[in-house]
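K.L.:
Here it is: the structure, laid out below.
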Amino acid sequence: MGVRLVVVDDHRLHAEALASALKLRGHRVLAAAAPGAGAAEVVVGRAPEVCLFGTAAPAAAGAFEPVARIKRERPQVAVVVLGPVPSPRGIAAAFAAGASGYVRHDERIEGVERALLKARAGEAAVAPQLLAGAFAELLNPAAQPDDEAQRLLGLLTHREVEVLVRVAEGEDTRLIAAGMGIAPSTARTHVQRVLMKLGVGSRLEAAALAARTGLLDRAVPRQRTAY
């Protein structure tokens, strides 16, 4: 017996393509929508057996808020996430929000269909290889920055670090260019990239952020290194 479902995806065309493929396999697609508050309302209003929820960024903040809302308002609706190979955090976030399954976005339609049927039956629908990959990453985690200063430094090149140090010392574009032996236009470009990477809007904010996080203490040994 076909599954009554709503298909949600970051890209509406993808949602519609999935919906068409599932209809051809005998499933009843009640709606195809894009994520967000509107998509959650569609699922809550239509009350399908399963929601197939596609996302391109499962580890992004708030990615599964629509899933959480669906489960709060329609706890009987099973949600299967369709996304890229996730980090353990991505899988954990999906299940913490109430999802019943996670399927890779490049899975064949037969695999997606099996996940929908398992979720409707109240079973967890996660491919063994995804779980194996998640456990492998949890057991052998990549080294993570130990603080905010280290994280910010990791965003900058050696040359941008020197630019930041000079900005924090109060040098203007002309002095930065002269001190680094580059054209003023190049110095200006470096400054703009530093501001963009640090997520600030002015040199003053960049200097304040560097001082507040202790970034300058880490940056000084790295300045004027070979490029």
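Each chain of the structure tokens is named A, B, ... in the order shown, its residues numbered from 1; ligands are numbered from 1 in display order.
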Quick one: DSSP strand (DSSP E) residues in segment 23-185 of chain A, as a list in words?
P.N.:
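After running DSSP on the backbone, segment 23-185 of chain A has strand (DSSP E) at Arg28, Val29, Leu30, Ala31, Ala32, Ala33, Val50, Cys51, Leu52, Phe53, Gly54, Ala78, Val79, Val80, Val81, Leu82, Gly83, Gly101, Tyr102, Val103, Arg104, Ala125 and Val126 of chain A.
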K.L.:
Residues of the last selection are to be written out with all heavy atoms, as a short mmCIF file (atom, residue, chain, number, x, y, z; two decimals), in the first residue's frame.
P.N.:
```cif
data_model
loop_
_atom_site.label_atom_id
_atom_site.label_comp_id
_atom_site.auth_asym_id
_atom_site.auth_seq_id
_atom_site.Cartn_x
_atom_site.Cartn_y
_atom_site.Cartn_z
N ARG A 28 1.06 8.28 -2.56
CA ARG A 28 0.16 9.43 -2.65
C ARG A 28 0.86 10.66 -2.07
O ARG A 28 1.02 10.78 -0.85
CB ARG A 28 -1.14 9.16 -1.89
CG ARG A 28 -2.17 10.28 -2.04
CD ARG A 28 -3.39 9.99 -1.21
NE ARG A 28 -4.32 11.11 -1.21
CZ ARG A 28 -5.33 11.26 -0.37
NH1 ARG A 28 -5.57 10.32 0.54
NH2 ARG A 28 -6.11 12.32 -0.43
N VAL A 29 1.30 11.54 -2.96
CA VAL A 29 1.99 12.75 -2.53
C VAL A 29 0.97 13.86 -2.36
O VAL A 29 0.34 14.29 -3.32
CB VAL A 29 3.08 13.16 -3.54
CG1 VAL A 29 3.78 14.43 -3.07
CG2 VAL A 29 4.10 12.03 -3.72
N LEU A 30 0.81 14.32 -1.14
CA LEU A 30 -0.20 15.34 -0.84
C LEU A 30 0.28 16.74 -1.21
O LEU A 30 -0.55 17.61 -1.53
CB LEU A 30 -0.54 15.30 0.65
CG LEU A 30 -1.03 13.94 1.20
CD1 LEU A 30 -1.29 14.05 2.69
CD2 LEU A 30 -2.27 13.48 0.46
N ALA A 31 1.59 16.97 -1.16
CA ALA A 31 2.13 18.29 -1.49
C ALA A 31 3.64 18.20 -1.62
O ALA A 31 4.27 17.29 -1.08
CB ALA A 31 1.76 19.32 -0.41
N ALA A 32 4.20 19.16 -2.35
CA ALA A 32 5.66 19.32 -2.46
C ALA A 32 5.96 20.77 -2.13
O ALA A 32 5.34 21.67 -2.69
CB ALA A 32 6.15 18.96 -3.86
N ALA A 33 6.89 21.00 -1.21
CA ALA A 33 7.11 22.37 -0.73
C ALA A 33 8.58 22.61 -0.42
O ALA A 33 9.39 21.69 -0.39
CB ALA A 33 6.26 22.62 0.52
N VAL A 50 3.99 10.28 6.32
CA VAL A 50 5.43 10.53 6.34
C VAL A 50 5.73 11.85 5.66
O VAL A 50 5.08 12.22 4.68
CB VAL A 50 6.21 9.40 5.60
CG1 VAL A 50 7.72 9.68 5.64
CG2 VAL A 50 5.90 8.04 6.20
N CYS A 51 6.73 12.58 6.18
CA CYS A 51 7.27 13.76 5.52
C CYS A 51 8.69 13.42 5.09
O CYS A 51 9.52 13.02 5.92
CB CYS A 51 7.27 14.96 6.46
SG CYS A 51 8.21 16.39 5.82
N LEU A 52 8.98 13.58 3.81
CA LEU A 52 10.34 13.42 3.30
C LEU A 52 10.96 14.82 3.28
O LEU A 52 10.54 15.68 2.51
CB LEU A 52 10.32 12.81 1.90
CG LEU A 52 11.69 12.57 1.25
CD1 LEU A 52 12.52 11.61 2.10
CD2 LEU A 52 11.51 12.01 -0.16
N PHE A 53 11.93 15.05 4.16
CA PHE A 53 12.46 16.39 4.39
C PHE A 53 13.88 16.49 3.85
O PHE A 53 14.83 15.96 4.42
CB PHE A 53 12.46 16.68 5.90
CG PHE A 53 12.84 18.09 6.27
CD1 PHE A 53 11.87 19.07 6.37
CD2 PHE A 53 14.17 18.42 6.52
CE1 PHE A 53 12.22 20.37 6.71
CE2 PHE A 53 14.52 19.71 6.86
CZ PHE A 53 13.55 20.69 6.95
N GLY A 54 14.04 17.16 2.70
CA GLY A 54 15.35 17.32 2.09
C GLY A 54 16.03 18.58 2.54
O GLY A 54 15.43 19.65 2.60
N ALA A 78 5.74 10.63 10.64
CA ALA A 78 7.15 10.22 10.63
C ALA A 78 7.91 11.10 9.65
O ALA A 78 7.41 11.40 8.57
CB ALA A 78 7.26 8.75 10.23
N VAL A 79 9.11 11.53 10.04
CA VAL A 79 9.92 12.39 9.18
C VAL A 79 11.20 11.66 8.78
O VAL A 79 11.93 11.16 9.64
CB VAL A 79 10.28 13.71 9.88
CG1 VAL A 79 11.14 14.58 8.97
CG2 VAL A 79 9.02 14.46 10.29
N VAL A 80 11.45 11.61 7.49
CA VAL A 80 12.70 11.04 6.97
C VAL A 80 13.49 12.16 6.32
O VAL A 80 12.99 12.84 5.43
CB VAL A 80 12.43 9.92 5.94
CG1 VAL A 80 13.74 9.46 5.31
CG2 VAL A 80 11.70 8.76 6.59
N VAL A 81 14.71 12.37 6.79
CA VAL A 81 15.56 13.41 6.25
C VAL A 81 16.33 12.88 5.05
O VAL A 81 16.86 11.78 5.07
CB VAL A 81 16.55 13.92 7.33
CG1 VAL A 81 17.55 14.91 6.74
CG2 VAL A 81 15.79 14.57 8.48
N LEU A 82 16.38 13.70 4.02
CA LEU A 82 17.14 13.39 2.81
C LEU A 82 18.21 14.46 2.67
O LEU A 82 17.89 15.63 2.48
CB LEU A 82 16.21 13.39 1.59
CG LEU A 82 16.81 13.01 0.24
CD1 LEU A 82 17.18 11.54 0.22
CD2 LEU A 82 15.81 13.31 -0.88
N GLY A 83 19.48 14.07 2.82
CA GLY A 83 20.53 15.08 2.80
C GLY A 83 21.87 14.53 2.39
O GLY A 83 22.00 13.34 2.08
N GLY A 101 14.35 8.91 10.32
CA GLY A 101 15.33 8.33 9.42
C GLY A 101 16.18 9.37 8.75
O GLY A 101 15.87 10.57 8.77
N TYR A 102 17.27 8.90 8.14
CA TYR A 102 18.18 9.78 7.40
C TYR A 102 18.66 8.99 6.19
O TYR A 102 19.20 7.90 6.31
CB TYR A 102 19.36 10.20 8.26
CG TYR A 102 20.14 11.37 7.66
CD1 TYR A 102 20.08 12.62 8.25
CD2 TYR A 102 20.91 11.20 6.51
CE1 TYR A 102 20.78 13.70 7.70
CE2 TYR A 102 21.60 12.26 5.95
CZ TYR A 102 21.53 13.51 6.55
OH TYR A 102 22.21 14.57 6.01
N VAL A 103 18.45 9.59 5.00
CA VAL A 103 18.84 8.94 3.74
C VAL A 103 19.72 9.90 2.96
O VAL A 103 19.44 11.10 2.89
CB VAL A 103 17.59 8.58 2.90
CG1 VAL A 103 18.01 7.87 1.62
CG2 VAL A 103 16.63 7.73 3.71
N ARG A 104 20.79 9.38 2.35
CA ARG A 104 21.65 10.22 1.54
C ARG A 104 20.90 10.76 0.32
O ARG A 104 20.08 10.07 -0.26
CB ARG A 104 22.87 9.43 1.06
CG ARG A 104 23.90 9.23 2.14
CD ARG A 104 25.05 8.37 1.65
NE ARG A 104 25.58 8.79 0.37
CZ ARG A 104 26.83 8.55 -0.02
NH1 ARG A 104 27.65 7.91 0.78
NH2 ARG A 104 27.25 8.95 -1.22
N ALA A 125 15.04 4.48 10.13
CA ALA A 125 15.46 4.26 8.75
C ALA A 125 16.77 4.99 8.49
O ALA A 125 16.79 6.12 8.00
CB ALA A 125 14.37 4.76 7.80
N VAL A 126 17.86 4.33 8.82
CA VAL A 126 19.20 4.91 8.61
C VAL A 126 20.08 3.83 7.99
O VAL A 126 20.16 2.72 8.51
CB VAL A 126 19.85 5.38 9.93
CG1 VAL A 126 21.18 6.07 9.65
CG2 VAL A 126 18.92 6.31 10.68
#
```
K.L.:
With a distance cut-off of 7 Å and only C-alpha atoms, select the neighbouring residues of segment 193-209 of chain A, excluding the residue or stretch itself and same-chain residues fewer than 4 positions from it, and output the selection as a short mmCIF file (atom, residue, chain, number, x, y, z; two decimals) with N, CA, C and O atoms, in the first residue's frame.
P.N.:
```cif
data_model
loop_
_atom_site.label_atom_id
_atom_site.label_comp_id
_atom_site.auth_asym_id
_atom_site.auth_seq_id
_atom_site.Cartn_x
_atom_site.Cartn_y
_atom_site.Cartn_z
N LEU A 152 39.28 31.98 14.72
CA LEU A 152 39.39 33.14 13.86
C LEU A 152 40.71 33.15 13.09
O LEU A 152 40.76 33.49 11.91
N LEU A 155 40.76 31.28 9.92
CA LEU A 155 40.08 31.86 8.77
C LEU A 155 41.00 32.72 7.91
O LEU A 155 40.69 33.02 6.76
N GLU A 160 47.02 38.04 5.76
CA GLU A 160 45.88 38.70 6.38
C GLU A 160 46.08 38.85 7.89
O GLU A 160 45.61 39.83 8.49
N LEU A 164 45.89 42.33 9.90
CA LEU A 164 45.09 42.53 11.10
C LEU A 164 45.93 43.13 12.23
O LEU A 164 45.48 44.03 12.95
N VAL A 167 46.41 46.73 11.47
CA VAL A 167 45.16 47.46 11.71
C VAL A 167 44.99 47.71 13.20
O VAL A 167 44.64 48.82 13.64
N ALA A 168 45.24 46.68 14.00
CA ALA A 168 45.10 46.81 15.45
C ALA A 168 46.10 47.80 16.04
O ALA A 168 45.84 48.42 17.07
N THR A 189 42.38 45.94 -0.29
CA THR A 189 41.68 44.67 -0.56
C THR A 189 41.91 43.68 0.59
O THR A 189 40.98 43.00 1.03
N THR A 213 39.31 38.61 22.06
CA THR A 213 39.48 37.15 21.99
C THR A 213 40.91 36.70 22.25
O THR A 213 41.17 35.50 22.33
#
```
K.L.:
Could you list, as a ChimeraX atom specification, every residue within 7 Å of Val165 of chain A, counting only C-alpha atoms and ignoring same-chain residues fewer than 4 positions away?
P.N.:
/A:161,169,216
K.L.:
Print the selection's residues with all heavy atoms to a file, as a PDB file, in the first residue's frame.
P.N.:
```
ATOM      1  N   VAL A 161      46.780  37.910   8.492  1.00  0.00           N
ATOM      2  CA  VAL A 161      47.102  38.039   9.914  1.00  0.00           C
ATOM      3  C   VAL A 161      47.978  39.272  10.140  1.00  0.00           C
ATOM      4  O   VAL A 161      47.753  40.062  11.069  1.00  0.00           O
ATOM      5  CB  VAL A 161      47.815  36.769  10.433  1.00  0.00           C
ATOM      6  CG1 VAL A 161      48.398  37.020  11.827  1.00  0.00           C
ATOM      7  CG2 VAL A 161      46.849  35.594  10.479  1.00  0.00           C
ATOM      8  N   GLU A 169      47.237  47.972  15.354  1.00  0.00           N
ATOM      9  CA  GLU A 169      48.244  48.936  15.809  1.00  0.00           C
ATOM     10  C   GLU A 169      47.931  50.347  15.331  1.00  0.00           C
ATOM     11  O   GLU A 169      48.688  51.289  15.605  1.00  0.00           O
ATOM     12  CB  GLU A 169      49.623  48.513  15.305  1.00  0.00           C
ATOM     13  CG  GLU A 169      50.136  47.247  15.988  1.00  0.00           C
ATOM     14  CD  GLU A 169      51.447  46.737  15.393  1.00  0.00           C
ATOM     15  OE1 GLU A 169      51.831  47.242  14.312  1.00  0.00           O
ATOM     16  OE2 GLU A 169      52.048  45.843  15.989  1.00  0.00           O
ATOM     17  N   LEU A 216      45.311  38.735  19.041  1.00  0.00           N
ATOM     18  CA  LEU A 216      46.570  39.425  18.786  1.00  0.00           C
ATOM     19  C   LEU A 216      47.751  38.713  19.430  1.00  0.00           C
ATOM     20  O   LEU A 216      48.845  38.663  18.873  1.00  0.00           O
ATOM     21  CB  LEU A 216      46.481  40.869  19.290  1.00  0.00           C
ATOM     22  CG  LEU A 216      45.562  41.798  18.504  1.00  0.00           C
ATOM     23  CD1 LEU A 216      45.525  43.165  19.153  1.00  0.00           C
ATOM     24  CD2 LEU A 216      46.019  41.906  17.056  1.00  0.00           C
TER      25      LEU A 216
END
```
K.L.:
Tell me, in Å to one decimal, how far atom CA of Pro48 of chain A is from atom CA of Leu5 of chain A.
P.N.:
4.8 Å
K.L.:
Would you list the contacts of segment 58-67 of chain A as a list in words, taking every protein, DNA or RNA residue within 6 Å and counting only C-alpha atoms, but skipping same-chain residues closer than 5 positions in sequence?
P.N.:
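My list of contacting residues is Ala40, Gly90 and Ala97 of chain A.
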K.L.:
Between A:Ala56, A:Leu215, A:Ile70, A:Ala21, which residue has the minimum interatomic distance to Leu153 of chain A, considering only C-alpha atoms?
P.N.:
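Result for the nearest residue to Leu153 of chain A: A:Leu215.
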K.L.:
For each of A:Leu175, A:Met1, A:Val191, A:Leu117, take the minimum atom-to-atom distance to Thr157 of chain A, counting only C-alpha atoms, then give the residue where this is smallest.
P.N.:
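The answer is A:Val191, which sits nearest to Thr157 of chain A.
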